Amino acid sequence: MMRFLVARLMNWTRAVIVSPVGLALFFVLLFFTGCGRQADGTAQVALAGDPPAKKRMPAPELSGGLEWLNAAKPLSLPDLKGRVVLLDFWTLCCINCIHVMPDLAKLEAKYPGVLVVIGVHTPKFDNEKDSASISKAIGRYQLKHPIVNDADMKIWRRYGVRSWPTLVLIDPDGNVYGRVSGEGVFEVLDEHIGKMVKEYRAKKDLKEDPLNYALIQQPTGPLSFPGKVLADAARDRLFIADSTHHRIVITTLAGKKIAVAGTGVEGLKDGTFAEARFSDPQGMALVGEILYVADRKNHALRALNLKDRTVTLIAGTGEQQRTGRDVGGAALKTGLNSPWDLLYHDHKLFIAMAGHHQIWTYDPAKQTVFPHAGNGMEDLVDGALATASFAQPSGLATDGTTLYVADSEVSAIRAVPFGDTGRVKTIVGEGLFEFGDVEGTASKVRLQHALGVAYRDGKLYVADTYNSKIKLIDPVTRTCTTFLGDPAGWLKAKMFNEPGGLSFADDKLFVADTNNHRIRVVDMKTKKVSDLELEGVSAPATMAKKN
């Protein structure tokens, strides 16, 4: 029962700073008051006042982690005395944890040397216990602070954490100042960090010299964590979301460069391919000579005119919209929330809105966006479009009549009607904490955070991301088998490493092999797997300078 409550709580936005004395009461109230989430989905802020220094309790130590990453050695609180410490309890799959990362970067930039952010990675999925997976996530999200792999949840339990993300402030004396949970909490953290800085600077007890970390080196190859891929067999084109390079790479199906949209510098800027900027682009949909792109971190949709080689913002404001799950309207005036994949059907663009846990639509003719399916609650619940629940939908496919969704946080594949009526159904999968690597039928099937799905000849091919496999699912019989992937415990170089996207062109399946920074090509006749040899594509000049 507790795990179920935690699952329901983990991503409901809330912001609460509490004193250590009131911490136990806070968690009691949390479980019995709907977690501070208002009916409209906004965060409630409840401040218990600034805890006086004499009433603050010593912070528990940071021992017990499996491994430290982005750091030359394990860090301890005594070593950090004189600095403000912010612990970020996160897990790499969690969309809300991902949304917190820009706020952490802003705080680090505002308080250099004074503020030490330490990520405490406490896993949900089995794959997330692996330091290698966390290391890849550090690179993918370009984190610049130390991370401890709390695989056994020792630090999590020591601090009494109950949900992802939770952030704990520790004062320069090494005492717990307070905590805040959920996303959208930059202002409240900034306020209290600022107060501590003023207090300890006045006492001359504040260290402000910069700290140097042993940061993980970023990849220097032509691709960096490609999230999605889209093949266009008719025109011999392949579109690659080169996500951490913040650009779209266009090649022939054989890998020869045609064009690159985006400078490689993160941002939100329209213009020519050579001028445009993206931020973690993901899913794509092609309609004639217009390529639609889910610009994930910009919370926006972009349109690439492939003839004119220009990029235009078509939906979103550039800012994350945490509320308004039930409100749509003019596309350029309506905020979006981490759109992760796109699919075009019957003159509408369907959007896997991962941050809202919903499916939305964009109408190019009317230039409007509206929710299509999902009530915005993170869960696996079938039923009518308006009442069904999704959990971070991240991949879309269709057989022409049904929309299939890779519903990542519930490790499920869902079926959604395109029309305004009908019911959402689960093909395989069972719930937020039901995951693994199990073949079988319907609710007995276990996937692990599947991000991608593609349709071909009556079957669904699923990028079973955290299992690093491609699964084959029959949507009618609801059976699941492994199509490609290494057996458990395989010690050699893996066939895939957390693949995120799939796309077919004739007898070839293109796989965005995300953590291997490459596109793999599967011959559907022989099942032979090879790397796409890119010709004329290199890393952005900005990345070369950084490394």
# chains A, B, ... in the order shown; residues from 1 in each chain; ligands from 1

call {"tool": "residues_around", "arguments": {"residues": "Glu289 in chain A", "least_positions_apart": "4", "cutoff": "12 Å", "atoms": "only C-alpha atoms", "output": "PyMOL selection string"}}
result
chain A and resi 232+235+237+285+303-310

call {"tool": "write_last_selection", "arguments": {"atoms": "N, CA, C and O atoms", "output": "PDB file, in the first residue's frame"}}
result
ATOM      1  N   ASP A 232      12.280   8.222 -44.140  1.00  0.00           N
ATOM      2  CA  ASP A 232      11.423   8.601 -45.268  1.00  0.00           C
ATOM      3  C   ASP A 232      11.903   7.826 -46.482  1.00  0.00           C
ATOM      4  O   ASP A 232      12.762   8.289 -47.239  1.00  0.00           O
ATOM      5  N   ARG A 235      11.630   9.328 -50.237  1.00  0.00           N
ATOM      6  CA  ARG A 235      12.568  10.369 -50.683  1.00  0.00           C
ATOM      7  C   ARG A 235      14.001  10.087 -50.231  1.00  0.00           C
ATOM      8  O   ARG A 235      14.843  10.982 -50.295  1.00  0.00           O
ATOM      9  N   ARG A 237      15.420   9.657 -47.240  1.00  0.00           N
ATOM     10  CA  ARG A 237      15.883  10.578 -46.201  1.00  0.00           C
ATOM     11  C   ARG A 237      15.744   9.942 -44.818  1.00  0.00           C
ATOM     12  O   ARG A 237      14.834   9.163 -44.565  1.00  0.00           O
ATOM     13  N   ALA A 285       7.603  14.195 -37.039  1.00  0.00           N
ATOM     14  CA  ALA A 285       6.572  13.720 -37.959  1.00  0.00           C
ATOM     15  C   ALA A 285       6.744  14.476 -39.268  1.00  0.00           C
ATOM     16  O   ALA A 285       6.947  15.703 -39.267  1.00  0.00           O
ATOM     17  N   ALA A 303       8.491  23.679 -36.739  1.00  0.00           N
ATOM     18  CA  ALA A 303       8.255  23.208 -38.108  1.00  0.00           C
ATOM     19  C   ALA A 303       9.473  23.532 -38.948  1.00  0.00           C
ATOM     20  O   ALA A 303       9.888  24.699 -39.034  1.00  0.00           O
ATOM     21  N   LEU A 304      10.041  22.497 -39.551  1.00  0.00           N
ATOM     22  CA  LEU A 304      11.179  22.673 -40.451  1.00  0.00           C
ATOM     23  C   LEU A 304      10.689  22.612 -41.889  1.00  0.00           C
ATOM     24  O   LEU A 304      10.113  21.597 -42.307  1.00  0.00           O
ATOM     25  N   ASN A 305      10.863  23.695 -42.621  1.00  0.00           N
ATOM     26  CA  ASN A 305      10.555  23.704 -44.050  1.00  0.00           C
ATOM     27  C   ASN A 305      11.777  23.165 -44.770  1.00  0.00           C
ATOM     28  O   ASN A 305      12.822  23.819 -44.838  1.00  0.00           O
ATOM     29  N   LEU A 306      11.645  21.958 -45.302  1.00  0.00           N
ATOM     30  CA  LEU A 306      12.801  21.275 -45.866  1.00  0.00           C
ATOM     31  C   LEU A 306      13.235  21.857 -47.203  1.00  0.00           C
ATOM     32  O   LEU A 306      14.384  21.655 -47.618  1.00  0.00           O
ATOM     33  N   LYS A 307      12.344  22.576 -47.880  1.00  0.00           N
ATOM     34  CA  LYS A 307      12.714  23.235 -49.143  1.00  0.00           C
ATOM     35  C   LYS A 307      13.453  24.537 -48.864  1.00  0.00           C
ATOM     36  O   LYS A 307      14.518  24.802 -49.425  1.00  0.00           O
ATOM     37  N   ASP A 308      12.878  25.358 -47.981  1.00  0.00           N
ATOM     38  CA  ASP A 308      13.486  26.660 -47.679  1.00  0.00           C
ATOM     39  C   ASP A 308      14.601  26.556 -46.647  1.00  0.00           C
ATOM     40  O   ASP A 308      15.354  27.511 -46.452  1.00  0.00           O
ATOM     41  N   ARG A 309      14.643  25.419 -45.967  1.00  0.00           N
ATOM     42  CA  ARG A 309      15.618  25.188 -44.896  1.00  0.00           C
ATOM     43  C   ARG A 309      15.505  26.268 -43.810  1.00  0.00           C
ATOM     44  O   ARG A 309      16.475  26.937 -43.449  1.00  0.00           O
ATOM     45  N   THR A 310      14.273  26.390 -43.311  1.00  0.00           N
ATOM     46  CA  THR A 310      13.998  27.330 -42.228  1.00  0.00           C
ATOM     47  C   THR A 310      13.284  26.606 -41.095  1.00  0.00           C
ATOM     48  O   THR A 310      12.666  25.561 -41.288  1.00  0.00           O
TER      49      THR A 310
END

call {"tool": "residues_around", "arguments": {"residues": "range 254-265 of chain A", "least_positions_apart": "3", "cutoff": "6 Å", "atoms": "only C-alpha atoms", "output": "list of chain:residue names"}}
result
A:His245, A:His246, A:Arg247, A:Ile248, A:Val249, A:Ile250, A:Thr251, A:Phe273, A:Ala274, A:Ala276, A:Arg277, A:Glu533, A:Leu534, A:Glu535, A:Gly536, A:Pro540

call {"tool": "write_last_selection", "arguments": {"atoms": "all heavy atoms", "output": "short mmCIF file (atom, residue, chain, number, x, y, z; two decimals), in the first residue's frame"}}
result
data_model
loop_
_atom_site.label_atom_id
_atom_site.label_comp_id
_atom_site.auth_asym_id
_atom_site.auth_seq_id
_atom_site.Cartn_x
_atom_site.Cartn_y
_atom_site.Cartn_z
N HIS A 245 23.06 17.29 -28.78
CA HIS A 245 23.68 18.31 -29.63
C HIS A 245 22.67 19.39 -30.01
O HIS A 245 23.02 20.33 -30.73
CB HIS A 245 24.26 17.69 -30.90
CG HIS A 245 25.60 17.05 -30.70
ND1 HIS A 245 26.08 16.07 -31.56
CD2 HIS A 245 26.56 17.22 -29.76
CE1 HIS A 245 27.27 15.69 -31.15
NE2 HIS A 245 27.59 16.37 -30.05
N HIS A 246 21.41 19.22 -29.60
CA HIS A 246 20.36 20.22 -29.81
C HIS A 246 20.20 20.58 -31.29
O HIS A 246 20.18 21.76 -31.67
CB HIS A 246 20.67 21.48 -28.98
CG HIS A 246 20.98 21.19 -27.55
ND1 HIS A 246 20.05 20.66 -26.68
CD2 HIS A 246 22.13 21.33 -26.83
CE1 HIS A 246 20.60 20.51 -25.49
NE2 HIS A 246 21.86 20.88 -25.55
N ARG A 247 20.05 19.54 -32.11
CA ARG A 247 19.91 19.78 -33.54
C ARG A 247 19.23 18.60 -34.21
O ARG A 247 19.06 17.53 -33.61
CB ARG A 247 21.28 20.02 -34.18
CG ARG A 247 22.21 18.81 -34.08
CD ARG A 247 23.58 19.08 -34.67
NE ARG A 247 24.40 17.86 -34.71
CZ ARG A 247 25.57 17.75 -35.31
NH1 ARG A 247 26.09 18.81 -35.92
NH2 ARG A 247 26.25 16.61 -35.32
N ILE A 248 18.83 18.80 -35.47
CA ILE A 248 18.26 17.74 -36.29
C ILE A 248 19.22 17.46 -37.44
O ILE A 248 19.58 18.38 -38.20
CB ILE A 248 16.88 18.14 -36.87
CG1 ILE A 248 15.91 18.51 -35.74
CG2 ILE A 248 16.31 17.01 -37.73
CD1 ILE A 248 15.59 17.39 -34.78
N VAL A 249 19.66 16.23 -37.54
CA VAL A 249 20.58 15.81 -38.61
C VAL A 249 19.76 15.09 -39.68
O VAL A 249 18.98 14.19 -39.39
CB VAL A 249 21.68 14.89 -38.06
CG1 VAL A 249 22.53 14.32 -39.20
CG2 VAL A 249 22.55 15.64 -37.06
N ILE A 250 19.95 15.50 -40.93
CA ILE A 250 19.23 14.90 -42.07
C ILE A 250 20.25 14.25 -42.99
O ILE A 250 21.19 14.90 -43.46
CB ILE A 250 18.43 15.97 -42.83
CG1 ILE A 250 17.53 16.76 -41.86
CG2 ILE A 250 17.59 15.33 -43.94
CD1 ILE A 250 16.88 17.98 -42.50
N THR A 251 20.06 12.96 -43.25
CA THR A 251 20.96 12.22 -44.13
C THR A 251 20.15 11.39 -45.12
O THR A 251 18.92 11.33 -45.04
CB THR A 251 21.87 11.26 -43.33
OG1 THR A 251 21.08 10.16 -42.83
CG2 THR A 251 22.53 11.97 -42.16
N PHE A 273 18.36 27.04 -41.15
CA PHE A 273 18.95 25.88 -40.49
C PHE A 273 20.25 26.27 -39.77
O PHE A 273 20.55 25.75 -38.70
CB PHE A 273 19.24 24.78 -41.51
CG PHE A 273 18.05 23.95 -41.89
CD1 PHE A 273 16.76 24.31 -41.51
CD2 PHE A 273 18.20 22.77 -42.62
CE1 PHE A 273 15.66 23.54 -41.85
CE2 PHE A 273 17.11 21.99 -42.96
CZ PHE A 273 15.84 22.38 -42.57
N ALA A 274 21.02 27.16 -40.38
CA ALA A 274 22.31 27.54 -39.80
C ALA A 274 22.17 28.47 -38.60
O ALA A 274 23.13 28.64 -37.83
CB ALA A 274 23.17 28.21 -40.88
N ALA A 276 19.12 28.44 -36.47
CA ALA A 276 18.13 27.97 -35.51
C ALA A 276 18.77 27.29 -34.31
O ALA A 276 19.89 26.76 -34.38
CB ALA A 276 17.17 27.01 -36.19
N ARG A 277 18.03 27.32 -33.19
CA ARG A 277 18.46 26.64 -31.98
C ARG A 277 17.31 25.82 -31.41
O ARG A 277 16.15 26.24 -31.45
CB ARG A 277 18.95 27.65 -30.93
CG ARG A 277 20.22 28.38 -31.34
CD ARG A 277 20.72 29.29 -30.24
NE ARG A 277 21.94 29.98 -30.64
CZ ARG A 277 22.64 30.78 -29.85
NH1 ARG A 277 22.24 30.97 -28.59
NH2 ARG A 277 23.74 31.38 -30.29
N GLU A 533 26.67 4.22 -41.05
CA GLU A 533 27.93 4.94 -41.24
C GLU A 533 27.64 6.35 -41.75
O GLU A 533 27.25 6.55 -42.89
CB GLU A 533 28.82 4.19 -42.24
CG GLU A 533 29.22 2.79 -41.79
CD GLU A 533 30.14 2.82 -40.57
OE1 GLU A 533 30.80 3.86 -40.35
OE2 GLU A 533 30.20 1.80 -39.85
N LEU A 534 27.80 7.32 -40.87
CA LEU A 534 27.51 8.70 -41.23
C LEU A 534 28.65 9.28 -42.07
O LEU A 534 29.83 9.10 -41.76
CB LEU A 534 27.31 9.54 -39.98
CG LEU A 534 26.09 9.18 -39.13
CD1 LEU A 534 26.08 9.98 -37.85
CD2 LEU A 534 24.80 9.41 -39.91
N GLU A 535 28.26 10.00 -43.12
CA GLU A 535 29.24 10.62 -44.01
C GLU A 535 28.99 12.12 -44.06
O GLU A 535 27.91 12.57 -44.40
CB GLU A 535 29.11 10.02 -45.42
CG GLU A 535 30.08 10.61 -46.44
CD GLU A 535 29.89 10.04 -47.84
OE1 GLU A 535 29.22 8.99 -47.97
OE2 GLU A 535 30.39 10.66 -48.80
N GLY A 536 30.00 12.89 -43.67
CA GLY A 536 29.88 14.34 -43.72
C GLY A 536 29.26 14.97 -42.49
O GLY A 536 29.04 16.18 -42.44
N PRO A 540 29.06 19.41 -33.47
CA PRO A 540 29.06 20.87 -33.59
C PRO A 540 30.37 21.45 -33.10
O PRO A 540 31.01 20.91 -32.19
CB PRO A 540 27.90 21.31 -32.68
CG PRO A 540 27.03 20.11 -32.54
CD PRO A 540 27.95 18.92 -32.62
#

call {"tool": "residues_around", "arguments": {"residues": "Pro146 in chain A", "least_positions_apart": "5", "cutoff": "8 Å", "atoms": "only C-alpha atoms", "output": "VMD selection string"}}
result
chain A and resid 68 to 71 117 to 119 213 215

call {"tool": "write_last_selection", "arguments": {"atoms": "N, CA and C atoms", "output": "PDB file, in the first residue's frame"}}
result
ATOM      1  N   TRP A  68      30.395   7.283  -6.444  1.00  0.00           N
ATOM      2  CA  TRP A  68      30.264   8.706  -6.713  1.00  0.00           C
ATOM      3  C   TRP A  68      30.656   8.979  -8.167  1.00  0.00           C
ATOM      4  N   LEU A  69      29.868   9.793  -8.838  1.00  0.00           N
ATOM      5  CA  LEU A  69      30.092  10.151 -10.237  1.00  0.00           C
ATOM      6  C   LEU A  69      30.202  11.672 -10.347  1.00  0.00           C
ATOM      7  N   ASN A  70      30.914  12.132 -11.352  1.00  0.00           N
ATOM      8  CA  ASN A  70      31.163  13.571 -11.510  1.00  0.00           C
ATOM      9  C   ASN A  70      31.958  14.128 -10.324  1.00  0.00           C
ATOM     10  N   ALA A  71      32.679  13.275  -9.637  1.00  0.00           N
ATOM     11  CA  ALA A  71      33.460  13.688  -8.479  1.00  0.00           C
ATOM     12  C   ALA A  71      34.725  12.838  -8.392  1.00  0.00           C
ATOM     13  N   VAL A 117      25.618  21.688  -5.097  1.00  0.00           N
ATOM     14  CA  VAL A 117      24.511  20.784  -5.401  1.00  0.00           C
ATOM     15  C   VAL A 117      25.054  19.368  -5.481  1.00  0.00           C
ATOM     16  N   ILE A 118      24.410  18.449  -4.785  1.00  0.00           N
ATOM     17  CA  ILE A 118      24.786  17.035  -4.841  1.00  0.00           C
ATOM     18  C   ILE A 118      23.547  16.235  -5.235  1.00  0.00           C
ATOM     19  N   GLY A 119      23.637  15.540  -6.334  1.00  0.00           N
ATOM     20  CA  GLY A 119      22.544  14.675  -6.752  1.00  0.00           C
ATOM     21  C   GLY A 119      22.612  13.344  -6.023  1.00  0.00           C
ATOM     22  N   TYR A 213      35.283  19.808  -9.813  1.00  0.00           N
ATOM     23  CA  TYR A 213      34.806  18.427  -9.807  1.00  0.00           C
ATOM     24  C   TYR A 213      35.423  17.664 -10.982  1.00  0.00           C
ATOM     25  N   LEU A 215      34.369  16.085 -13.673  1.00  0.00           N
ATOM     26  CA  LEU A 215      33.169  15.903 -14.475  1.00  0.00           C
ATOM     27  C   LEU A 215      33.372  14.839 -15.553  1.00  0.00           C
TER      28      LEU A 215
END

call {"tool": "closest_residue", "arguments": {"among": "A:Pro52, A:Gly184, A:Pro475, A:Pro499", "to": "Pro102 in chain A", "atoms": "only C-alpha atoms"}}
result
A:Gly184

call {"tool": "select_by_dssp", "arguments": {"residues": "range 224-471 of chain A", "states": "helix (DSSP H, G or I)", "output": "list in words"}}
result
Ala233, Ala234, Arg235, Ser243, Thr244, His245, Arg296, Lys297, Asn298, Ala331, Leu332, Lys333, Ala354, Gly355, His356, Ser408, Glu409, Val410, Ala442, Ser443, Lys444, Thr465, Tyr466 and Asn467 of chain A

call {"tool": "write_last_selection", "arguments": {"atoms": "C-alpha atoms", "output": "mmCIF file, in the first residue's frame"}}
result
data_model
loop_
_atom_site.group_PDB
_atom_site.id
_atom_site.type_symbol
_atom_site.label_atom_id
_atom_site.label_comp_id
_atom_site.auth_asym_id
_atom_site.auth_seq_id
_atom_site.Cartn_x
_atom_site.Cartn_y
_atom_site.Cartn_z
ATOM 1 C CA ALA A 233 11.778 5.743 -47.741
ATOM 2 C CA ALA A 234 10.005 7.565 -50.585
ATOM 3 C CA ARG A 235 12.568 10.369 -50.683
ATOM 4 C CA SER A 243 19.163 15.460 -28.881
ATOM 5 C CA THR A 244 22.092 16.487 -26.689
ATOM 6 C CA HIS A 245 23.680 18.307 -29.628
ATOM 7 C CA ARG A 296 11.224 18.816 -25.644
ATOM 8 C CA LYS A 297 13.130 21.084 -23.291
ATOM 9 C CA ASN A 298 11.734 24.200 -24.984
ATOM 10 C CA ALA A 331 -1.078 27.159 -30.266
ATOM 11 C CA LEU A 332 1.388 29.995 -29.744
ATOM 12 C CA LYS A 333 -0.368 31.201 -26.592
ATOM 13 C CA ALA A 354 5.090 13.435 -21.314
ATOM 14 C CA GLY A 355 5.054 16.229 -18.742
ATOM 15 C CA HIS A 356 1.249 16.367 -18.577
ATOM 16 C CA SER A 408 7.050 4.716 -20.288
ATOM 17 C CA GLU A 409 6.573 5.119 -16.517
ATOM 18 C CA VAL A 410 4.056 2.248 -16.378
ATOM 19 C CA ALA A 442 -1.301 -8.891 -21.595
ATOM 20 C CA SER A 443 -0.832 -7.944 -17.933
ATOM 21 C CA LYS A 444 1.770 -10.691 -17.446
ATOM 22 C CA THR A 465 14.567 1.081 -23.383
ATOM 23 C CA TYR A 466 15.827 0.058 -19.960
ATOM 24 C CA ASN A 467 16.038 -3.593 -21.023
#

call {"tool": "residues_around", "arguments": {"residues": "Phe504 in chain A", "least_positions_apart": "6", "cutoff": "9 Å", "atoms": "only C-alpha atoms", "output": "PDB file with all heavy atoms, in the first residue's frame"}}
result
ATOM      1  N   LEU A 230      13.517   9.115 -37.701  1.00  0.00           N
ATOM      2  CA  LEU A 230      12.372   9.013 -38.601  1.00  0.00           C
ATOM      3  C   LEU A 230      12.868   8.777 -40.014  1.00  0.00           C
ATOM      4  O   LEU A 230      13.635   9.585 -40.565  1.00  0.00           O
ATOM      5  CB  LEU A 230      11.537  10.297 -38.548  1.00  0.00           C
ATOM      6  CG  LEU A 230      10.326  10.355 -39.483  1.00  0.00           C
ATOM      7  CD1 LEU A 230       9.294   9.298 -39.105  1.00  0.00           C
ATOM      8  CD2 LEU A 230       9.694  11.747 -39.456  1.00  0.00           C
ATOM      9  N   ALA A 231      12.436   7.668 -40.630  1.00  0.00           N
ATOM     10  CA  ALA A 231      12.867   7.314 -41.980  1.00  0.00           C
ATOM     11  C   ALA A 231      11.819   7.713 -43.008  1.00  0.00           C
ATOM     12  O   ALA A 231      10.616   7.560 -42.784  1.00  0.00           O
ATOM     13  CB  ALA A 231      13.128   5.806 -42.062  1.00  0.00           C
ATOM     14  N   ASP A 232      12.280   8.222 -44.140  1.00  0.00           N
ATOM     15  CA  ASP A 232      11.423   8.601 -45.268  1.00  0.00           C
ATOM     16  C   ASP A 232      11.903   7.826 -46.482  1.00  0.00           C
ATOM     17  O   ASP A 232      12.762   8.289 -47.239  1.00  0.00           O
ATOM     18  CB  ASP A 232      11.523  10.115 -45.494  1.00  0.00           C
ATOM     19  CG  ASP A 232      10.744  10.591 -46.717  1.00  0.00           C
ATOM     20  OD1 ASP A 232       9.860   9.833 -47.178  1.00  0.00           O
ATOM     21  OD2 ASP A 232      11.027  11.707 -47.203  1.00  0.00           O
ATOM     22  N   ALA A 233      11.331   6.624 -46.663  1.00  0.00           N
ATOM     23  CA  ALA A 233      11.778   5.743 -47.741  1.00  0.00           C
ATOM     24  C   ALA A 233      11.511   6.342 -49.111  1.00  0.00           C
ATOM     25  O   ALA A 233      12.318   6.181 -50.045  1.00  0.00           O
ATOM     26  CB  ALA A 233      11.097   4.382 -47.615  1.00  0.00           C
ATOM     27  N   ALA A 454       6.942   1.297 -32.992  1.00  0.00           N
ATOM     28  CA  ALA A 454       6.727   1.419 -34.434  1.00  0.00           C
ATOM     29  C   ALA A 454       5.821   0.272 -34.881  1.00  0.00           C
ATOM     30  O   ALA A 454       5.824  -0.807 -34.270  1.00  0.00           O
ATOM     31  CB  ALA A 454       8.055   1.380 -35.194  1.00  0.00           C
ATOM     32  N   TYR A 455       5.061   0.502 -35.960  1.00  0.00           N
ATOM     33  CA  TYR A 455       4.118  -0.506 -36.452  1.00  0.00           C
ATOM     34  C   TYR A 455       4.568  -1.023 -37.815  1.00  0.00           C
ATOM     35  O   TYR A 455       4.998  -0.251 -38.677  1.00  0.00           O
ATOM     36  CB  TYR A 455       2.723   0.111 -36.575  1.00  0.00           C
ATOM     37  CG  TYR A 455       1.684  -0.847 -37.136  1.00  0.00           C
ATOM     38  CD1 TYR A 455       0.999  -1.716 -36.303  1.00  0.00           C
ATOM     39  CD2 TYR A 455       1.412  -0.880 -38.504  1.00  0.00           C
ATOM     40  CE1 TYR A 455       0.053  -2.597 -36.815  1.00  0.00           C
ATOM     41  CE2 TYR A 455       0.473  -1.757 -39.028  1.00  0.00           C
ATOM     42  CZ  TYR A 455      -0.200  -2.610 -38.178  1.00  0.00           C
ATOM     43  OH  TYR A 455      -1.124  -3.480 -38.696  1.00  0.00           O
ATOM     44  N   ARG A 456       4.417  -2.369 -38.017  1.00  0.00           N
ATOM     45  CA  ARG A 456       4.735  -2.972 -39.310  1.00  0.00           C
ATOM     46  C   ARG A 456       4.024  -4.314 -39.425  1.00  0.00           C
ATOM     47  O   ARG A 456       4.153  -5.175 -38.536  1.00  0.00           O
ATOM     48  CB  ARG A 456       6.249  -3.168 -39.451  1.00  0.00           C
ATOM     49  CG  ARG A 456       6.681  -3.906 -40.738  1.00  0.00           C
ATOM     50  CD  ARG A 456       8.180  -4.123 -40.697  1.00  0.00           C
ATOM     51  NE  ARG A 456       8.639  -5.076 -41.699  1.00  0.00           N
ATOM     52  CZ  ARG A 456       9.095  -4.749 -42.911  1.00  0.00           C
ATOM     53  NH1 ARG A 456       9.158  -3.469 -43.261  1.00  0.00           N
ATOM     54  NH2 ARG A 456       9.513  -5.672 -43.759  1.00  0.00           N
ATOM     55  N   PHE A 510      15.340   1.294 -38.463  1.00  0.00           N
ATOM     56  CA  PHE A 510      16.339   2.206 -37.931  1.00  0.00           C
ATOM     57  C   PHE A 510      16.087   2.400 -36.431  1.00  0.00           C
ATOM     58  O   PHE A 510      14.955   2.652 -36.012  1.00  0.00           O
ATOM     59  CB  PHE A 510      16.297   3.547 -38.665  1.00  0.00           C
ATOM     60  CG  PHE A 510      16.749   3.451 -40.094  1.00  0.00           C
ATOM     61  CD1 PHE A 510      15.848   3.103 -41.097  1.00  0.00           C
ATOM     62  CD2 PHE A 510      18.064   3.692 -40.444  1.00  0.00           C
ATOM     63  CE1 PHE A 510      16.250   3.000 -42.426  1.00  0.00           C
ATOM     64  CE2 PHE A 510      18.490   3.590 -41.771  1.00  0.00           C
ATOM     65  CZ  PHE A 510      17.581   3.240 -42.763  1.00  0.00           C
ATOM     66  N   VAL A 511      17.149   2.275 -35.651  1.00  0.00           N
ATOM     67  CA  VAL A 511      17.040   2.323 -34.192  1.00  0.00           C
ATOM     68  C   VAL A 511      17.909   3.459 -33.661  1.00  0.00           C
ATOM     69  O   VAL A 511      19.119   3.502 -33.940  1.00  0.00           O
ATOM     70  CB  VAL A 511      17.494   0.994 -33.551  1.00  0.00           C
ATOM     71  CG1 VAL A 511      17.355   1.058 -32.029  1.00  0.00           C
ATOM     72  CG2 VAL A 511      16.707  -0.180 -34.119  1.00  0.00           C
TER      73      VAL A 511
END

call {"tool": "closest_residue", "arguments": {"among": "A:Glu61, A:Glu266, A:Asp523, A:Glu430", "to": "Arg158 in chain A", "atoms": "only C-alpha atoms"}}
result
A:Glu61

call {"tool": "select_by_dssp", "arguments": {"residues": "range 27-161 of chain A", "states": "strand (DSSP E)", "output": "PyMOL selection string"}}
result
chain A and resi 45-47+67-69+84-90+115-121+147-149

call {"tool": "closest_residue", "arguments": {"among": "A:Asn337, A:Asp190, A:Ala373, A:Gly82", "to": "Ala109 in chain A", "atoms": "only C-alpha atoms"}}
result
A:Asp190

call {"tool": "closest_residue", "arguments": {"among": "A:Leu115, A:Leu447, A:Val185, A:Ala391", "to": "Met353 in chain A", "atoms": "only C-alpha atoms"}}
result
A:Ala391
